[in-house]
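Beneath this line is the structure, given in structure tokens, with notes to follow.
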Amino acid sequence: MLHTAFTMFQTETKRFHFLLLLFILHSETEQAYAVWPMPQQMSQSTERYPVDPQLFAFSYARDSAAQSGCSVLDAAFERYFSLIFPDFVVGTGFRNIWSEPKPFILSVKVKNGECDGYPDEGSDESYNLSVSAGQAVLKAESVWGALRGLESFSQLVYQDDYNLYFVNKTEIEDFPRFKFRGLLLDTSRHYLPVPVILKTLDAMAYSKFNVFHWHIVDDPSFPYQSRNYPDLSSKGAFHPMTHIYTQSDVRRVIYHARLRGIRVVPEFDSPGHTQSWGKGQPDLLTPCYKGEVPSGTFGPVNPTVSSTYQFMSGLFKEVTSVFPDSYLHLGGDEVDFTCWRSNPNVQAFMAKMGFGSDYTKLESYYMENIVNITAALNKTSIVWQDVFDYRERIPMDTVLEIWKGVPADYRAELGRITLAGYRVLLSAPWYINHISYGQDWRNAYTVQPQNFSGTEQQKKLVIGGEVCMWGEYVDATNLTPRLWPRASAAAERLWSDEEKTSSVDKAFPRLKDFRCTLIRRGIQAEPLFVGHCKHEYSGL
């Protein structure tokens, strides 16, 4: 009797395990996992393969130009192992009891093995990824493309209800729609500690952004610690010791960005937005007058004296030696002419130059000199659209950034700037420091950067765009949830095929899942709507 009962128990146990296996296979093989931003071409089946972290390895293909010792990819392999297997600790974790564990190898082949340089405007970020039983093959022209492919693979791996890892059979051919996919942080209006910037760079890489536009100084503070002009930060920062970016800090940011395929483009905006500069650099700003006497206040940079250009030349020579990128943002926006108009020396200079009372000509004179300084340093200038609007004579390789207006306005500006033959960046619709109740990410997602009246050649001059997070109401306490996942909506618009990603309703569940991915990776991304993530943010 006892033997019969035991036999029945064994039979029922086997039946239970068999039914459980069928349930798991049925429920899980019907799943397919998306990548954000959406690849250009992606095919995926419900056929899935186990990925055991204890038997998983990255490898360099035999014919890869990059091999072990490649700083960018070696670091990426280590970083992505933790991202792919977020809860795995060596010697622990669940094992697949239904089948014999098998190795899984992700092989990387890079055609151009340049591992020690920096990403630049010509970097090739294309890649092909093929996932099959026991292996994934990632092919890229450059290490920067390989990084994008590793990010895509990391999003394809998922866990079932028993915390086992799987990946579906997948084929991806991918490349970015636009070469320049930027994100601006403003570190003048509120100082952002270096770890906060590094965390933002991590999140940028997850969304395949490739340019960090560092609006490092402005009216409120000058946190950049200059080697040659130390008074700029010692007198212009919020605090000369705690609220500055040392040379070591800057190198740390650039290094962190490079390993993630992200360029760092600094902005030193002038002649306006420079009140903090004047505290540490005497005679740089224009003295304002009340009647015939100085009022004790100061306006924009004084464009009428040679000492201004000597100082700017020295500062930019230093800046271009610190920041390796070929681009330098010179600003040029929102210049208030009131102080210039009040100053008798400026008035005399205007008369001497034949500018009459048109102070846009004076700003043009200044910006043309500044752009020439950076050109002599072999750097490409980015300027805000104001410089074009004031009909300033600038080199044809200058990049103009559109920041003003509603869609009708910025579309008209896109047409005018590209008709003149200039390359252009679009940021006007992506000022996501502006917030509103509800799902305002949808507005960022539906932007069409090339939807303006112009020829195909004009539209090719739109080299990309960027998300801007201005700092009037943003500091380290609220930066991350305000940025993410809203910035990711713009990231898909800048990376992916526009026709394939035209539906916000179809994007919603994918972005919701991606937001959960960010949460699990330690990014405090705000929710899109009602719901929850399987792995809620644990760092609170």
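Each chain of the structure tokens is named A, B, ... in the order shown, its residues numbered from 1; ligands are numbered from 1 in display order.
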- Message: Need to verify the contact set: A:Arg258, 12 Å, only C-alpha atoms, exclusion of same-chain residues closer than 2 positions in sequence. Can you return it as a VMD selection string?
- Response: chain A and resid 71 to 73 75 to 76 115 to 120 143 to 144 147 198 201 to 202 205 210 to 212 251 to 256 260 to 265 323 to 325
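Here atom CA of A:Lys512 and atom CA of A:Glu536 stand 12.8 Å from one another.
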- Query: Mind checking DSSP for stretch 197-278 of chain A and telling me the strand (DSSP E or B) residues as a list in words?
  - Reply: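 Secondary structure check on stretch 197-278 of chain A, strand (DSSP E or B): Val211, Phe212, His213, Trp214, His215, Tyr224, Tyr245, Arg263, Val264, Val265, Pro266 and Glu267 of chain A.
Residue nearest A:Asn478 within the list A:Asn451, A:Ser321, A:Thr374, A:Asn433: A:Asn433 [criterion: smallest interatomic distance, only C-alpha atoms].
Across the model, the gap from atom CA of A:Ile402 to atom CA of A:Thr274 is 20.7 Å.
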- Item | Residue contacts of A:Asn372 (9 Å, only C-alpha atoms) excluding same-chain residues fewer than 5 positions away, as number ranges by chain | A: 367, 377, 394-395
- Identify, on the basis of only C-alpha atoms, every residue whose closest approach to A:Asp231 does not exceed 9 Å; exclude the query and any residue fewer than 5 positions from it along the same chain; express the result as a list in words.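 Final neighbour list, sorted by chain and number: Gln225, Ser226, Gly236, Lys279, Gly280 and Gln281 of chain A.
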Would you mind exporting all heavy atoms of the selected residues as a short mmCIF file (atom, residue, chain, number, x, y, z; two decimals), in the first residue's frame?
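Okay, this is what ended up in out_13.cif:
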data_model
loop_
_atom_site.label_atom_id
_atom_site.label_comp_id
_atom_site.auth_asym_id
_atom_site.auth_seq_id
_atom_site.Cartn_x
_atom_site.Cartn_y
_atom_site.Cartn_z
N GLN A 225 37.16 75.21 -14.20
CA GLN A 225 38.41 75.70 -13.61
C GLN A 225 39.48 75.76 -14.69
O GLN A 225 40.03 74.74 -15.11
CB GLN A 225 38.86 74.81 -12.46
CG GLN A 225 40.04 75.38 -11.68
CD GLN A 225 40.45 74.49 -10.52
OE1 GLN A 225 40.82 73.33 -10.71
NE2 GLN A 225 40.39 75.02 -9.31
N SER A 226 39.78 76.97 -15.11
CA SER A 226 40.76 77.17 -16.18
C SER A 226 42.18 77.11 -15.62
O SER A 226 42.47 77.66 -14.55
CB SER A 226 40.51 78.53 -16.84
OG SER A 226 41.59 78.90 -17.67
N GLY A 236 33.99 83.31 -10.08
CA GLY A 236 32.74 83.22 -10.83
C GLY A 236 31.88 82.01 -10.53
O GLY A 236 30.71 81.99 -10.89
N LYS A 279 33.39 88.53 -13.29
CA LYS A 279 33.88 88.54 -11.91
C LYS A 279 35.35 88.19 -11.83
O LYS A 279 36.06 88.67 -10.94
CB LYS A 279 33.04 87.58 -11.06
CG LYS A 279 31.57 87.95 -10.98
CD LYS A 279 30.76 86.89 -10.25
CE LYS A 279 29.27 87.24 -10.23
NZ LYS A 279 28.46 86.20 -9.57
N GLY A 280 35.81 87.36 -12.74
CA GLY A 280 37.20 86.91 -12.69
C GLY A 280 38.06 87.42 -13.81
O GLY A 280 39.26 87.11 -13.85
N GLN A 281 37.49 88.20 -14.72
CA GLN A 281 38.27 88.73 -15.84
C GLN A 281 37.95 90.20 -16.01
O GLN A 281 36.98 90.57 -16.67
CB GLN A 281 37.96 87.95 -17.13
CG GLN A 281 38.80 88.35 -18.34
CD GLN A 281 40.29 88.07 -18.14
OE1 GLN A 281 40.67 87.20 -17.37
NE2 GLN A 281 41.13 88.83 -18.81
#
- Query: With only C-alpha atoms as the atoms that count, which of A:Leu259, A:Met204, A:Gly454, A:His215 lies nearest to A:Arg79?
  - Reply: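 Residue with the minimum atom-to-atom distance to A:Arg79: A:Leu259.
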Spatial neighbours of A:Gln67, 12 Å, only C-alpha atoms, chain gap at least 4 places, as a PDB file with N, CA, C and O atoms, in the first residue's frame:
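Full text of selection_9.pdb as output:
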ATOM      1  N   PHE A  58      32.004  36.842 -23.956  1.00  0.00           N
ATOM      2  CA  PHE A  58      32.280  37.689 -25.120  1.00  0.00           C
ATOM      3  C   PHE A  58      33.578  37.204 -25.746  1.00  0.00           C
ATOM      4  O   PHE A  58      34.494  36.745 -25.051  1.00  0.00           O
ATOM      5  N   SER A  59      33.681  37.346 -27.060  1.00  0.00           N
ATOM      6  CA  SER A  59      34.943  37.008 -27.715  1.00  0.00           C
ATOM      7  C   SER A  59      35.155  37.904 -28.922  1.00  0.00           C
ATOM      8  O   SER A  59      34.199  38.444 -29.485  1.00  0.00           O
ATOM      9  N   TYR A  60      36.405  38.065 -29.294  1.00  0.00           N
ATOM     10  CA  TYR A  60      36.750  38.759 -30.528  1.00  0.00           C
ATOM     11  C   TYR A  60      36.854  37.721 -31.646  1.00  0.00           C
ATOM     12  O   TYR A  60      37.499  36.679 -31.469  1.00  0.00           O
ATOM     13  N   ALA A  61      36.210  37.994 -32.767  1.00  0.00           N
ATOM     14  CA  ALA A  61      36.341  37.093 -33.913  1.00  0.00           C
ATOM     15  C   ALA A  61      37.797  37.053 -34.364  1.00  0.00           C
ATOM     16  O   ALA A  61      38.541  38.019 -34.191  1.00  0.00           O
ATOM     17  N   ARG A  62      38.193  35.927 -34.924  1.00  0.00           N
ATOM     18  CA  ARG A  62      39.589  35.764 -35.354  1.00  0.00           C
ATOM     19  C   ARG A  62      40.023  36.847 -36.332  1.00  0.00           C
ATOM     20  O   ARG A  62      41.158  37.321 -36.300  1.00  0.00           O
ATOM     21  N   ASP A  63      39.102  37.217 -37.243  1.00  0.00           N
ATOM     22  CA  ASP A  63      39.453  38.192 -38.269  1.00  0.00           C
ATOM     23  C   ASP A  63      39.042  39.612 -37.892  1.00  0.00           C
ATOM     24  O   ASP A  63      38.976  40.496 -38.748  1.00  0.00           O
ATOM     25  N   SER A  71      40.731  49.010 -25.569  1.00  0.00           N
ATOM     26  CA  SER A  71      40.213  49.631 -24.345  1.00  0.00           C
ATOM     27  C   SER A  71      38.704  49.813 -24.371  1.00  0.00           C
ATOM     28  O   SER A  71      38.011  49.537 -23.378  1.00  0.00           O
ATOM     29  N   VAL A  72      38.169  50.245 -25.512  1.00  0.00           N
ATOM     30  CA  VAL A  72      36.737  50.528 -25.606  1.00  0.00           C
ATOM     31  C   VAL A  72      35.918  49.254 -25.450  1.00  0.00           C
ATOM     32  O   VAL A  72      34.962  49.189 -24.664  1.00  0.00           O
ATOM     33  N   LEU A  73      36.299  48.199 -26.178  1.00  0.00           N
ATOM     34  CA  LEU A  73      35.497  46.977 -26.162  1.00  0.00           C
ATOM     35  C   LEU A  73      35.762  46.128 -24.925  1.00  0.00           C
ATOM     36  O   LEU A  73      34.829  45.494 -24.389  1.00  0.00           O
ATOM     37  N   ASP A  74      37.002  46.076 -24.442  1.00  0.00           N
ATOM     38  CA  ASP A  74      37.270  45.331 -23.211  1.00  0.00           C
ATOM     39  C   ASP A  74      36.413  45.873 -22.066  1.00  0.00           C
ATOM     40  O   ASP A  74      35.819  45.112 -21.297  1.00  0.00           O
ATOM     41  N   SER A 107      30.248  36.840 -30.277  1.00  0.00           N
ATOM     42  CA  SER A 107      31.470  37.105 -31.025  1.00  0.00           C
ATOM     43  C   SER A 107      31.386  38.469 -31.700  1.00  0.00           C
ATOM     44  O   SER A 107      30.378  38.794 -32.344  1.00  0.00           O
ATOM     45  N   VAL A 108      32.428  39.255 -31.552  1.00  0.00           N
ATOM     46  CA  VAL A 108      32.453  40.617 -32.090  1.00  0.00           C
ATOM     47  C   VAL A 108      33.545  40.729 -33.147  1.00  0.00           C
ATOM     48  O   VAL A 108      34.718  40.397 -32.898  1.00  0.00           O
ATOM     49  N   LYS A 109      33.135  41.213 -34.311  1.00  0.00           N
ATOM     50  CA  LYS A 109      34.093  41.464 -35.398  1.00  0.00           C
ATOM     51  C   LYS A 109      34.020  42.927 -35.784  1.00  0.00           C
ATOM     52  O   LYS A 109      32.960  43.433 -36.161  1.00  0.00           O
ATOM     53  N   VAL A 110      35.143  43.597 -35.689  1.00  0.00           N
ATOM     54  CA  VAL A 110      35.239  45.016 -36.043  1.00  0.00           C
ATOM     55  C   VAL A 110      36.185  45.161 -37.219  1.00  0.00           C
ATOM     56  O   VAL A 110      37.295  44.615 -37.208  1.00  0.00           O
ATOM     57  N   LYS A 111      35.740  45.874 -38.239  1.00  0.00           N
ATOM     58  CA  LYS A 111      36.553  46.021 -39.453  1.00  0.00           C
ATOM     59  C   LYS A 111      37.695  47.012 -39.247  1.00  0.00           C
ATOM     60  O   LYS A 111      38.812  46.805 -39.706  1.00  0.00           O
ATOM     61  N   ASN A 112      37.392  48.138 -38.563  1.00  0.00           N
ATOM     62  CA  ASN A 112      38.410  49.150 -38.279  1.00  0.00           C
ATOM     63  C   ASN A 112      38.728  49.093 -36.793  1.00  0.00           C
ATOM     64  O   ASN A 112      37.877  49.374 -35.960  1.00  0.00           O
ATOM     65  N   GLY A 113      39.946  48.738 -36.456  1.00  0.00           N
ATOM     66  CA  GLY A 113      40.293  48.477 -35.064  1.00  0.00           C
ATOM     67  C   GLY A 113      40.802  49.656 -34.275  1.00  0.00           C
ATOM     68  O   GLY A 113      41.530  49.468 -33.296  1.00  0.00           O
ATOM     69  N   GLU A 114      40.457  50.874 -34.656  1.00  0.00           N
ATOM     70  CA  GLU A 114      40.904  52.056 -33.918  1.00  0.00           C
ATOM     71  C   GLU A 114      40.256  52.074 -32.537  1.00  0.00           C
ATOM     72  O   GLU A 114      39.062  52.341 -32.405  1.00  0.00           O
ATOM     73  N   CYS A 115      41.044  51.762 -31.509  1.00  0.00           N
ATOM     74  CA  CYS A 115      40.499  51.611 -30.154  1.00  0.00           C
ATOM     75  C   CYS A 115      40.907  52.736 -29.213  1.00  0.00           C
ATOM     76  O   CYS A 115      40.335  52.870 -28.129  1.00  0.00           O
ATOM     77  N   VAL A 143      34.549  50.344 -33.613  1.00  0.00           N
ATOM     78  CA  VAL A 143      34.226  50.002 -32.222  1.00  0.00           C
ATOM     79  C   VAL A 143      32.977  50.747 -31.770  1.00  0.00           C
ATOM     80  O   VAL A 143      32.236  50.268 -30.903  1.00  0.00           O
TER      81      VAL A 143
END
- Residues within 12 Å of A:Gln439, only C-alpha atoms, excluding chain neighbours under 2 positions, as a list in words: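 Returned residues: Ile435, Ser436, Tyr437, Trp441, Arg442, Asn443, Ala444, Tyr445, Pro485, Arg486, Ala489, Val504, Asp505, Phe508, Leu511, Lys512, Glu526, Pro527, Leu528, Phe529 and Val530 of chain A.
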Go ahead and write the selection's residues with N, CA, C and O atoms as a CSV table (one decimal), in the first residue's frame.
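This went into out-v1.csv:
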chain,number,residue,atom,x,y,z
A,435,ILE,N,7.9,71.2,-18.8
A,435,ILE,CA,7.1,70.1,-18.4
A,435,ILE,C,5.6,70.4,-18.4
A,435,ILE,O,5.2,71.6,-18.2
A,436,SER,N,4.8,69.4,-18.6
A,436,SER,CA,3.4,69.6,-18.6
A,436,SER,C,2.8,68.3,-18.0
A,436,SER,O,3.4,67.2,-18.1
A,437,TYR,N,1.6,68.3,-17.5
A,437,TYR,CA,0.9,67.2,-17.0
A,437,TYR,C,0.6,66.2,-18.1
A,437,TYR,O,0.1,66.6,-19.2
A,441,TRP,N,5.9,63.2,-23.5
A,441,TRP,CA,6.9,62.5,-24.4
A,441,TRP,C,6.4,62.4,-25.8
A,441,TRP,O,7.1,62.3,-26.7
A,442,ARG,N,5.0,62.3,-25.9
A,442,ARG,CA,4.4,62.1,-27.3
A,442,ARG,C,4.8,63.3,-28.2
A,442,ARG,O,4.9,63.1,-29.4
A,443,ASN,N,4.8,64.5,-27.6
A,443,ASN,CA,5.2,65.6,-28.4
A,443,ASN,C,6.6,65.5,-29.0
A,443,ASN,O,6.9,65.8,-30.1
A,444,ALA,N,7.5,65.0,-28.1
A,444,ALA,CA,8.9,64.8,-28.6
A,444,ALA,C,9.0,63.8,-29.6
A,444,ALA,O,9.8,63.8,-30.6
A,445,TYR,N,8.2,62.8,-29.5
A,445,TYR,CA,8.2,61.6,-30.4
A,445,TYR,C,7.7,61.9,-31.8
A,445,TYR,O,8.2,61.3,-32.8
A,485,PRO,N,12.0,58.8,-19.0
A,485,PRO,CA,12.4,58.3,-20.4
A,485,PRO,C,12.0,59.3,-21.5
A,485,PRO,O,12.0,59.0,-22.7
A,486,ARG,N,11.7,60.6,-21.1
A,486,ARG,CA,11.2,61.6,-22.1
A,486,ARG,C,12.3,61.8,-23.2
A,486,ARG,O,11.9,61.9,-24.4
A,489,ALA,N,12.4,59.4,-26.1
A,489,ALA,CA,11.4,59.5,-27.2
A,489,ALA,C,12.1,60.3,-28.4
A,489,ALA,O,12.0,59.9,-29.5
A,504,VAL,N,2.7,56.8,-32.1
A,504,VAL,CA,3.0,56.9,-30.7
A,504,VAL,C,2.3,55.8,-29.9
A,504,VAL,O,2.8,55.4,-28.8
A,505,ASP,N,1.1,55.4,-30.4
A,505,ASP,CA,0.4,54.3,-29.6
A,505,ASP,C,1.2,53.0,-29.7
A,505,ASP,O,1.2,52.3,-28.7
A,508,PHE,N,4.2,53.4,-27.3
A,508,PHE,CA,4.0,53.4,-25.8
A,508,PHE,C,4.4,52.2,-25.1
A,508,PHE,O,5.1,52.2,-24.1
A,511,LEU,N,8.2,51.8,-25.1
A,511,LEU,CA,8.9,52.8,-24.2
A,511,LEU,C,8.6,52.5,-22.8
A,511,LEU,O,9.5,52.7,-21.9
A,512,LYS,N,7.4,52.0,-22.5
A,512,LYS,CA,7.1,51.6,-21.1
A,512,LYS,C,8.0,50.5,-20.6
A,512,LYS,O,8.5,50.5,-19.5
A,526,GLU,N,11.1,58.4,-14.8
A,526,GLU,CA,9.7,58.6,-14.3
A,526,GLU,C,8.7,57.7,-15.0
A,526,GLU,O,9.0,57.3,-16.2
A,527,PRO,N,7.6,57.4,-14.4
A,527,PRO,CA,6.6,56.5,-15.2
A,527,PRO,C,5.9,57.3,-16.3
A,527,PRO,O,5.8,58.5,-16.2
A,528,LEU,N,5.5,56.5,-17.3
A,528,LEU,CA,4.8,57.1,-18.4
A,528,LEU,C,3.3,57.2,-18.1
A,528,LEU,O,2.6,58.1,-18.6
A,529,PHE,N,2.8,56.2,-17.3
A,529,PHE,CA,1.4,56.2,-16.9
A,529,PHE,C,1.2,55.2,-15.8
A,529,PHE,O,2.2,54.7,-15.2
A,530,VAL,N,0.0,54.9,-15.5
A,530,VAL,CA,-0.3,53.9,-14.4
A,530,VAL,C,0.3,52.6,-14.7
A,530,VAL,O,0.3,52.1,-15.9
- Message: as a PyMOL selection string, please: every residue in stretch 281-522 of chain A that a backbone DSSP assignment puts in helix (DSSP H, G or I).
- Response: chain A and resi 306-322+338-342+344-353+359-376+386-389+407-419+428-430+441-445+456-460+479-483+486-495+504-520
- Message: Using only C-alpha atoms, can you tell me which of A:Glu121, A:Trp214, A:Asn128, A:Phe56 comes closest to A:Val399?
- Response: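 Of A:Glu121, A:Trp214, A:Asn128, A:Phe56, the one nearest A:Val399 is A:Glu121, counting only C-alpha atoms.
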